[in-house]
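Worksheet for the structure shown next.
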Amino acid sequence: MLPVMMKVVKIVDEARGIKSFYFRHRLDSIPGQFVMAWIPRVGEKPMSIAGDDGKEFFLTVSAVGYFSNAKSRLKVGQTIGIRGPLGTCFSLKGKEIALVAGGYGAGPMASLAEKAINQGYSPKKIHYLAGARTKELLLFEQRMKRIGVDVQVSTNDGSKGTKGMVTDVLNELIKRRRKANKPLDMVYCCGPEMMEKAVFDIAVREKIDCQISVERYMKCGIGICGSCCVDPTGWRMCVEGPVLDKKAISKISEFGVYHRDATGRKTFF
Ligand SMILES: Cc1cc2nc3c(=O)[nH]c(=O)nc-3n(C[C@H](O)[C@H](O)[C@H](O)COP(=O)(O)OP(=O)(O)OC[C@H]3O[C@@H](n4cnc5c(N)ncnc54)[C@H](O)[C@@H]3O)c2cc1C
Ligand code: FES
């Protein structure tokens, strides 16, 4: 699969060190899918599709290392290569849903909230929970408020919303919805893996269905190289994932324990 060369048409500063890059192209993606983004002479990395309205799509990049810093320096009018959309996606189920977002995982979660609204969900039944270390790193709060969904944020330092972890907010929400006789029946999650593991454990304990995006080191993005395989199933996260349901995640023994780096060496969380 060869990349399609696309021009950056717009750049939006979303949060500290985090920018969105817009491309005018009909990608026909579904929330949860990703693309392989290639910057000539720099490299190619997987990136979640943070928004796609059928005419334009965008990628939200957190500048942390060599590739993401090079991407953050891109200017409007510059061209990069895109392969995709790739991988599995979130599927909408349930009446009362929680979308739990951490870091750039907020892109797929916000996209899923928009899709739910388009499919006729009442905004009151969609709960967008975003967590970050501090308020300058929170993503897509206004984007979610504009479509009227219930937005709840948490920061570790207490600079905005609930002080603590986004999982504290999820636990409270589960209790409140049960009391109101409108229990949550689906939890979606995309974010750092230890946060995802905590969300998964809550879903198991509370007997609520869930879907989670599991990221692994990706090279080819199309199921050939094997770098994104998980133990013990050998599923390739670029093909059988990244989005997995509760039953599938329960079979992955390395989820929340370790992942593999570019050389295949185990790195413990
Ligand atoms: C399905 C998926 C979706 C992603 N979506 C986004 C996104 O929307 N926005 C975003 O900013 N980043 C996203 N990433 C992470 C992104 O691909 C890069 O890992 C990140 O940009 C860091 O690369 P770097 O070269 O800048 O930093 P480095 O210093 O090289 O890497 C920092 C860390 O990123 C991880 N990483 C590096 N290369 C890869 C790779 N090829 N595949 C998986 N993990 C890697 C490693 O854990 C590494 O320790 C996604 C990764 C996956 C697997
Ligand atoms: S990245 Fe090559 S098989 Fe998944």
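Labeling convention for the structure tokens: chains A, B, ... as they appear, residues from 1 per chain, ligands from 1 in order of appearance.
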Please return as a count of residues only the residues found within 9 Å of ligand 1, counting only C-alpha atoms and all ligand atoms. 58
Can you tell me, as a ChimeraX atom specification, what residues are no more than 8 Å from A:Ile80 when counting only C-alpha atoms, ignoring any on the same chain fewer than 5 positions away? /A:5-8,37-40
Emit the selected residues as a PDB file, in the first residue's frame, including N, CA and C atoms.
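Writing done, so here's part.pdb:
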```pdb
ATOM      1  N   MET A   5       0.137  11.285  -1.127  1.00  0.00           N
ATOM      2  CA  MET A   5       0.752  12.528  -0.659  1.00  0.00           C
ATOM      3  C   MET A   5      -0.344  13.582  -0.450  1.00  0.00           C
ATOM      4  N   MET A   6      -0.360  14.181   0.726  1.00  0.00           N
ATOM      5  CA  MET A   6      -1.417  15.158   1.060  1.00  0.00           C
ATOM      6  C   MET A   6      -0.815  16.411   1.677  1.00  0.00           C
ATOM      7  N   LYS A   7      -1.467  17.544   1.349  1.00  0.00           N
ATOM      8  CA  LYS A   7      -1.003  18.832   1.857  1.00  0.00           C
ATOM      9  C   LYS A   7      -1.662  19.148   3.199  1.00  0.00           C
ATOM     10  N   VAL A   8      -0.895  19.693   4.112  1.00  0.00           N
ATOM     11  CA  VAL A   8      -1.484  20.195   5.362  1.00  0.00           C
ATOM     12  C   VAL A   8      -2.237  21.468   5.000  1.00  0.00           C
ATOM     13  N   ALA A  37       1.530   7.817   8.952  1.00  0.00           N
ATOM     14  CA  ALA A  37       1.885   9.152   8.455  1.00  0.00           C
ATOM     15  C   ALA A  37       3.385   9.176   8.159  1.00  0.00           C
ATOM     16  N   TRP A  38       3.738   9.507   6.921  1.00  0.00           N
ATOM     17  CA  TRP A  38       5.134   9.467   6.486  1.00  0.00           C
ATOM     18  C   TRP A  38       5.646  10.878   6.212  1.00  0.00           C
ATOM     19  N   ILE A  39       6.686  11.253   6.941  1.00  0.00           N
ATOM     20  CA  ILE A  39       7.336  12.536   6.643  1.00  0.00           C
ATOM     21  C   ILE A  39       8.621  12.187   5.902  1.00  0.00           C
ATOM     22  N   PRO A  40       8.716  12.555   4.616  1.00  0.00           N
ATOM     23  CA  PRO A  40       9.910  12.203   3.851  1.00  0.00           C
ATOM     24  C   PRO A  40      11.188  12.620   4.584  1.00  0.00           C
TER      25      PRO A  40
END
```
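Closest to A:Ile202 among A:Val239, A:Ile224, A:Ala98, A:Leu170 is A:Leu170, based on only C-alpha atoms.
The space separating atom CA of A:Leu92 from atom CA of A:Leu112 comes to 8.1 Å.
The residue that comes closest to ligand 2, out of A:Ile30, A:Phe268, A:Cys229, A:Lys246 and on the basis of only C-alpha atoms and all ligand atoms, is A:Cys229.
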As a ChimeraX atom specification, please: all residues of stretch 53-197 of chain A that backbone DSSP puts in strand (DSSP E). /A:56-62,79-86,97-102,126-132,150-155,162-163,186-190
Show me, as a PyMOL selection string, the residues that have an atom within 8 Å of A:Ala110 when counting only C-alpha atoms, minus same-chain residues fewer than 3 positions from it. chain A and resi 50-51+106-107+113-114+128+140+143-144
Just to be explicit: take each residue in the selection above, keep C-alpha atoms, and write the result as a compact mmCIF listing (two decimals), in the first residue's frame.
```
# COMPACT_ATOMS: atom_id res chain seq x y z
CA ALA A 50 -8.74 12.50 15.57
CA GLY A 51 -11.58 13.79 13.40
CA ALA A 106 -8.99 12.09 23.17
CA GLY A 107 -9.10 12.34 19.34
CA ALA A 113 -19.00 11.10 20.47
CA GLU A 114 -19.65 13.02 17.20
CA TYR A 128 -16.99 12.32 27.76
CA PHE A 140 -11.29 18.65 23.11
CA ARG A 143 -15.31 20.51 20.95
CA MET A 144 -17.41 18.20 23.15
```
I want to know what sits within 9 Å of A:Val187, based on only C-alpha atoms, with residues of the same chain fewer than 6 positions away left out; could you give that as a VMD selection string? chain A and resid 96 to 100 199 to 200 203 208 to 212
Since we have the selection now, will you write its residues out, keeping C-alpha atoms, as a compact mmCIF listing (two decimals), in the first residue's frame?
```txt
# COMPACT_ATOMS: atom_id res chain seq x y z
CA GLU A 96 -25.77 5.18 28.10
CA ILE A 97 -22.11 5.38 27.11
CA ALA A 98 -18.90 6.69 28.68
CA LEU A 99 -15.90 7.70 26.56
CA VAL A 100 -12.74 7.79 28.65
CA VAL A 199 -10.67 1.34 33.06
CA PHE A 200 -10.75 -2.30 31.92
CA ALA A 203 -15.52 -2.54 33.52
CA ILE A 208 -20.08 -3.27 32.03
CA ASP A 209 -19.13 -3.99 28.43
CA CYS A 210 -16.12 -2.12 27.02
CA GLN A 211 -13.97 -1.48 23.94
CA ILE A 212 -10.39 -0.27 24.26
```
Residue with the minimum atom-to-atom distance to A:Lys75, picked from A:Ile252, A:Val149, A:Arg24, A:Ile11 with only C-alpha atoms counted, is A:Ile11
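When atom CA of A:Thr162 is paired with atom CA of A:Lys207, their separation reads 24.6 Å.
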